[in-house]
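Text of run_25.txt, listed as compact mmCIF, C-alpha atoms and all ligand atoms:
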```
# COMPACT_ATOMS: atom_id res chain seq x y z
CA MET A 1 144.36 109.72 59.43
CA ARG A 2 141.33 111.13 61.07
CA LYS A 3 137.75 110.43 60.09
CA SER A 4 135.92 113.69 59.72
CA GLU A 5 133.00 114.99 57.72
CA ASP A 6 133.51 116.04 54.15
CA LYS A 7 131.23 119.02 53.82
CA TYR A 8 130.31 121.43 51.03
CA LEU A 9 132.73 123.85 52.60
CA HIS A 10 135.58 121.40 52.05
CA LYS A 11 134.49 120.69 48.50
CA GLY A 12 134.43 124.41 47.79
CA LEU A 13 137.91 124.83 49.23
CA ARG A 14 139.14 121.91 47.13
CA ASN A 15 137.73 123.49 43.98
CA GLN A 16 139.63 126.67 44.80
CA LEU A 17 142.79 124.68 45.36
CA VAL A 18 142.36 122.98 41.98
CA LYS A 19 141.94 126.39 40.33
CA LEU A 20 145.13 127.57 41.98
CA LEU A 21 147.02 124.49 40.76
CA VAL A 22 145.81 125.18 37.21
CA GLU A 23 147.08 128.77 37.54
CA LYS A 24 150.42 127.41 38.72
CA GLY A 25 150.69 125.27 35.59
CA ILE A 26 149.24 121.86 36.40
CA THR A 27 147.50 120.54 33.27
CA ASP A 28 146.95 116.81 33.86
CA ASN A 29 143.20 116.55 34.34
CA ASN A 30 143.45 113.22 36.10
CA VAL A 31 145.78 114.76 38.69
CA LEU A 32 143.40 117.69 39.14
CA ALA A 33 140.39 115.38 39.46
CA ALA A 34 142.14 113.31 42.12
CA ILE A 35 143.09 116.38 44.16
CA GLY A 36 139.57 117.73 43.67
CA SER A 37 138.05 114.61 45.14
CA ILE A 38 140.33 113.59 48.04
CA PRO A 39 139.53 115.09 51.46
CA ARG A 40 143.01 116.32 52.41
CA HIS A 41 141.73 117.39 55.84
CA PHE A 42 141.38 113.69 56.75
CA PHE A 43 145.16 113.38 56.48
CA LEU A 44 145.90 116.21 58.90
CA ASP A 45 145.57 116.90 62.57
CA SER A 46 142.29 118.61 63.51
CA ALA A 47 144.24 121.79 64.30
CA PHE A 48 144.77 122.21 60.53
CA GLU A 49 141.23 121.35 59.47
CA ARG A 50 140.36 124.86 58.36
CA ILE A 51 143.59 125.47 56.48
CA ALA A 52 143.96 121.99 54.99
CA TYR A 53 143.30 123.28 51.47
CA GLU A 54 145.88 126.01 51.51
CA ASP A 55 148.73 125.24 49.18
CA ARG A 56 151.26 124.47 51.88
CA ALA A 57 152.99 121.61 53.59
CA PHE A 58 151.98 120.76 57.17
CA PRO A 59 153.65 118.84 59.98
CA ILE A 60 152.56 115.24 60.54
CA ALA A 61 153.85 112.76 63.13
CA ALA A 62 157.54 111.85 63.59
CA ASP A 63 158.72 115.33 62.54
CA GLN A 64 157.74 114.71 58.95
CA THR A 65 155.48 116.66 56.60
CA ILE A 66 152.59 116.16 54.23
CA SER A 67 153.83 117.59 50.94
CA GLN A 68 152.39 120.80 49.55
CA PRO A 69 149.50 120.08 47.11
CA TYR A 70 151.42 121.80 44.30
CA THR A 71 154.37 119.49 44.90
CA VAL A 72 152.12 116.43 44.93
CA ALA A 73 150.47 117.58 41.70
CA TYR A 74 153.81 118.43 40.08
CA GLN A 75 155.46 115.10 40.83
CA THR A 76 152.36 113.12 39.87
CA GLN A 77 152.01 115.02 36.60
CA LEU A 78 155.64 114.32 35.71
CA LEU A 79 154.99 110.61 36.21
CA GLN A 80 152.23 110.58 33.55
CA ILE A 81 150.19 108.11 35.59
CA LYS A 82 147.91 105.80 33.63
CA GLU A 83 145.28 103.37 34.90
CA GLY A 84 146.99 100.14 35.92
CA ASP A 85 150.52 101.59 36.29
CA LYS A 86 152.52 99.78 38.93
CA VAL A 87 153.98 102.55 41.07
CA LEU A 88 156.53 102.38 43.88
CA GLU A 89 156.39 105.37 46.23
CA ILE A 90 159.20 106.12 48.67
CA GLY A 91 157.95 108.03 51.73
CA THR A 92 154.37 107.12 52.61
CA GLY A 93 154.16 109.91 55.19
CA SER A 94 150.52 110.96 55.56
CA MET A 95 149.31 108.61 52.76
CA TYR A 96 147.93 111.62 50.86
CA GLN A 97 150.20 111.23 47.82
CA THR A 98 149.57 107.47 47.96
CA THR A 99 145.84 108.16 47.75
CA VAL A 100 146.25 110.53 44.81
CA LEU A 101 148.07 107.78 42.89
CA ALA A 102 145.44 105.17 43.81
CA ALA A 103 142.61 107.51 42.81
CA MET A 104 144.22 107.77 39.37
CA GLY A 105 144.03 104.01 38.99
CA ALA A 106 147.64 103.17 39.83
CA ASP A 107 148.59 100.00 41.61
CA VAL A 108 150.55 101.49 44.53
CA TYR A 109 153.39 100.02 46.59
CA THR A 110 154.58 102.47 49.22
CA ILE A 111 157.43 102.36 51.75
CA GLU A 112 157.91 104.33 54.97
CA ARG A 113 160.95 104.21 57.29
CA GLN A 114 159.31 105.85 60.32
CA LYS A 115 157.58 103.17 62.39
CA GLN A 116 155.17 105.67 63.89
CA LEU A 117 153.93 106.68 60.44
CA PHE A 118 153.90 103.15 59.11
CA ASP A 119 151.76 102.03 62.07
CA GLN A 120 149.16 104.61 61.07
CA THR A 121 148.69 102.88 57.72
CA THR A 122 146.68 100.15 59.47
CA GLN A 123 144.05 102.85 60.10
CA TYR A 124 143.86 103.85 56.45
CA LEU A 125 140.32 105.13 55.93
CA PHE A 126 140.06 104.34 52.21
CA LYS A 127 140.93 100.67 52.50
CA ASP A 128 137.57 99.64 51.03
CA GLN A 129 137.98 102.01 48.12
CA TYR A 130 141.61 101.14 47.42
CA PRO A 131 142.14 97.61 48.76
CA LYS A 132 145.16 96.99 46.54
CA ILE A 133 147.52 99.58 48.05
CA ARG A 134 150.44 97.82 49.71
CA PHE A 135 152.14 99.51 52.64
CA PHE A 136 155.66 98.50 53.66
CA PHE A 137 157.83 99.38 56.64
CA GLY A 138 161.40 99.61 55.43
CA ASP A 139 164.23 101.58 53.92
CA GLY A 140 163.23 103.06 50.59
CA PHE A 141 166.85 102.96 49.41
CA GLU A 142 166.33 99.18 49.19
CA GLY A 143 163.06 99.44 47.26
CA GLN A 144 160.75 96.43 47.22
CA ALA A 145 162.44 93.92 44.92
CA GLU A 146 159.84 91.25 45.52
CA PHE A 147 157.28 93.11 43.38
CA ALA A 148 159.66 94.68 40.84
CA PRO A 149 159.80 95.83 38.12
CA TYR A 150 157.72 99.00 38.42
CA ASP A 151 156.37 101.26 35.67
CA LYS A 152 156.98 104.34 37.79
CA ILE A 153 158.98 105.18 40.90
CA LEU A 154 158.22 108.29 42.95
CA ILE A 155 160.56 109.57 45.64
CA THR A 156 158.91 112.04 48.02
CA ALA A 157 161.98 112.90 50.14
CA ALA A 158 165.20 114.74 49.25
CA ALA A 159 167.58 112.18 47.78
CA PRO A 160 171.36 112.63 48.13
CA LYS A 161 171.88 110.55 44.96
CA ILE A 162 169.97 108.31 42.59
CA PRO A 163 169.35 105.13 44.60
CA GLU A 164 170.90 102.33 42.57
CA LYS A 165 168.62 99.56 43.80
CA LEU A 166 165.57 101.60 42.91
CA TRP A 167 166.92 102.20 39.44
CA ASP A 168 167.33 98.43 39.02
CA GLN A 169 163.68 97.91 40.00
CA LEU A 170 162.39 100.21 37.24
CA LYS A 171 161.06 98.76 33.95
CA VAL A 172 162.68 99.65 30.65
CA GLY A 173 160.64 102.62 29.42
CA GLY A 174 159.65 103.36 33.01
CA MET A 175 160.10 106.69 34.77
CA MET A 176 161.51 107.79 38.10
CA VAL A 177 160.69 111.20 39.55
CA ILE A 178 163.22 112.25 42.16
CA PRO A 179 164.05 115.47 44.01
CA LEU A 180 167.84 115.34 43.97
CA ASP A 181 169.95 117.38 46.40
CA GLU A 182 171.57 120.44 44.86
CA SER A 183 172.51 121.84 48.25
CA GLU A 184 171.48 121.08 51.83
CA GLU A 185 168.21 122.90 51.45
CA VAL A 186 167.28 122.70 47.80
CA GLN A 187 166.52 119.85 45.45
CA ARG A 188 166.18 119.79 41.69
CA MET A 189 163.24 117.75 40.39
CA LEU A 190 164.43 115.21 37.87
CA ARG A 191 162.59 112.76 35.65
CA LEU A 192 164.67 109.79 34.59
CA THR A 193 163.42 107.47 31.87
CA LYS A 194 165.05 104.07 31.60
CA LYS A 195 166.39 103.31 28.14
CA LYS A 196 166.76 99.84 26.62
CA ASP A 197 170.45 99.68 27.46
CA GLY A 198 169.68 100.49 31.12
CA THR A 199 171.00 104.06 30.98
CA SER A 200 168.78 107.05 31.66
CA LYS A 201 167.34 109.93 29.75
CA GLN A 202 167.42 112.79 32.27
CA GLU A 203 165.09 115.77 32.29
CA SER A 204 165.48 118.57 34.76
CA PHE A 205 162.63 120.66 36.22
CA ASP A 206 162.06 123.16 39.05
CA GLU A 207 163.60 123.44 42.50
CA PHE A 208 161.81 122.21 45.61
CA SER A 209 162.50 121.67 49.28
CA PHE A 210 161.78 118.26 50.84
CA VAL A 211 162.54 116.53 54.13
CA PRO A 212 165.61 114.30 53.74
CA MET A 213 165.60 110.73 52.48
CA LEU A 214 167.38 108.86 55.26
CA LYS A 215 168.98 105.42 55.38
CA GLY A 216 167.63 102.56 57.51
CA LYS A 217 164.39 102.51 59.43
CA THR A 218 163.43 103.60 62.93
CA GLN A 219 162.72 101.11 65.75
CA LYS A 220 159.67 102.85 67.16
N1 LIG A 301 154.30 111.34 50.34
C1 LIG A 301 154.21 111.93 51.64
C2 LIG A 301 155.37 112.88 51.86
C3 LIG A 301 155.93 112.69 53.21
S1 LIG A 301 157.45 113.52 53.52
C4 LIG A 301 152.89 112.61 51.86
O1 LIG A 301 152.18 112.89 50.89
O2 LIG A 301 152.52 112.88 53.00
C5 LIG A 301 158.62 112.28 53.13
C6 LIG A 301 158.49 110.96 53.85
O3 LIG A 301 159.58 110.13 53.42
C7 LIG A 301 158.59 111.03 55.37
O4 LIG A 301 157.48 110.39 55.93
C8 LIG A 301 159.89 110.27 55.68
O5 LIG A 301 159.86 109.56 56.91
C9 LIG A 301 159.98 109.34 54.49
N2 LIG A 301 161.32 108.80 54.20
C10 LIG A 301 162.52 109.44 54.25
N3 LIG A 301 163.52 108.60 53.92
C11 LIG A 301 162.94 107.39 53.61
C12 LIG A 301 163.44 106.12 53.22
N4 LIG A 301 164.75 105.89 53.05
N5 LIG A 301 162.56 105.13 53.02
C13 LIG A 301 161.22 105.33 53.19
N6 LIG A 301 160.69 106.51 53.58
C14 LIG A 301 161.53 107.53 53.79
```

Please express the file's structure as structure tokens.
Amino acid sequence: MRKSEDKYLHKGLRNQLVKLLVEKGITDNNVLAAIGSIPRHFFLDSAFERIAYEDRAFPIAADQTISQPYTVAYQTQLLQIKEGDKVLEIGTGSMYQTTVLAAMGADVYTIERQKQLFDQTTQYLFKDQYPKIRFFFGDGFEGQAEFAPYDKILITAAAPKIPEKLWDQLKVGGMMVIPLDESEEVQRMLRLTKKKDGTSKQESFDEFSFVPMLKGKTQK
């Protein structure tokens, strides 16, 4: 993250982005308010400062990406985030999605497998505002059993299958939003709700394209 100024110009660009997200079908006002208030340009390299509010993904460190705002809004809306929800996020990346969840009042636990990206979480600029976010370095396929169960689980990388350990860490009545591989390049967004008997109600949504969810964690 990079401390920068948040000027009227940026606020204006954010308002336009919010309008665009509404046109694209985002209706959750809490999602829109979060995106309307978070300075996305802080999460990007200075080279992208002027285009930070375009609805596109951008490269971040370690060959990863910050998700497109529409994708962030879409996944967050599917999760029906409420104040106080305990949310496990897989793929911290730029910490932008993490911040959206925190701004909506969620209690966020987030895991990143790339050491370089995880190390950047110590420089998180909104620590004072969101002191409860917990950042972990690890393999998201393992989840974070110590703090389970979670109300919601959000996977922000392309999953080859539904990670069993994550499913076990979800509360009954809880929801998992997961982009599941349909082919090498395309994922289908699914929302799985955990039923009393431990099985899932599955709902299927649009297609997206994410960076892959990979096993293990990097050394440096
Ligand atoms: N939520 C992020 C999206 C980053 S892209 C953002 O808003 O910026 C997906 C991220 O998932 C990448 O940082 C990638 O390193 C991470 N990732 C992939 N597989 C993972 C795994 N098994 N465990 C944890 N993180 C993983």

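A straight line drawn from CA of Pro212 in chain A to CA of Asp119 in chain A is 20.3 Å long.
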
Inset, instruction - Show me as an MDAnalysis selection string the residues that reach within 10 Å of (141.8, 125.3, 55.2), counting only C-alpha atoms and using the file's own coordinates. - result: chainID A and resid 9:10 13:14 17 40:41 48:55

C-alpha atoms of the current selection, written as a short mmCIF file (atom, residue, chain, number, x, y, z; two decimals), keeping the file's coordinate frame:
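Ended up saving to result_16.cif:
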```
data_model
loop_
_atom_site.label_atom_id
_atom_site.label_comp_id
_atom_site.auth_asym_id
_atom_site.auth_seq_id
_atom_site.Cartn_x
_atom_site.Cartn_y
_atom_site.Cartn_z
CA LEU A 9 132.73 123.85 52.60
CA HIS A 10 135.58 121.40 52.05
CA LEU A 13 137.91 124.83 49.23
CA ARG A 14 139.14 121.91 47.13
CA LEU A 17 142.79 124.68 45.36
CA ARG A 40 143.01 116.32 52.41
CA HIS A 41 141.73 117.39 55.84
CA PHE A 48 144.77 122.21 60.53
CA GLU A 49 141.23 121.35 59.47
CA ARG A 50 140.36 124.86 58.36
CA ILE A 51 143.59 125.47 56.48
CA ALA A 52 143.96 121.99 54.99
CA TYR A 53 143.30 123.28 51.47
CA GLU A 54 145.88 126.01 51.51
CA ASP A 55 148.73 125.24 49.18
#
```

Legend entry - Neighbour list for Gly216 in chain A as a PyMOL selection string, cut-off 10 Å, only C-alpha atoms, skip fewer than 6 positions in-chain: chain A and resi 113-114+138-142

Inset, instruction - Between A:Met213, A:Val31, A:Ala57, A:Met95, single out the one closest to Leu117 in chain A, counting all atoms listed in the file. - result: A:Met95

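Between CA of Gln77 in chain A and CA of Ile35 in chain A lies a distance of 11.8 Å.
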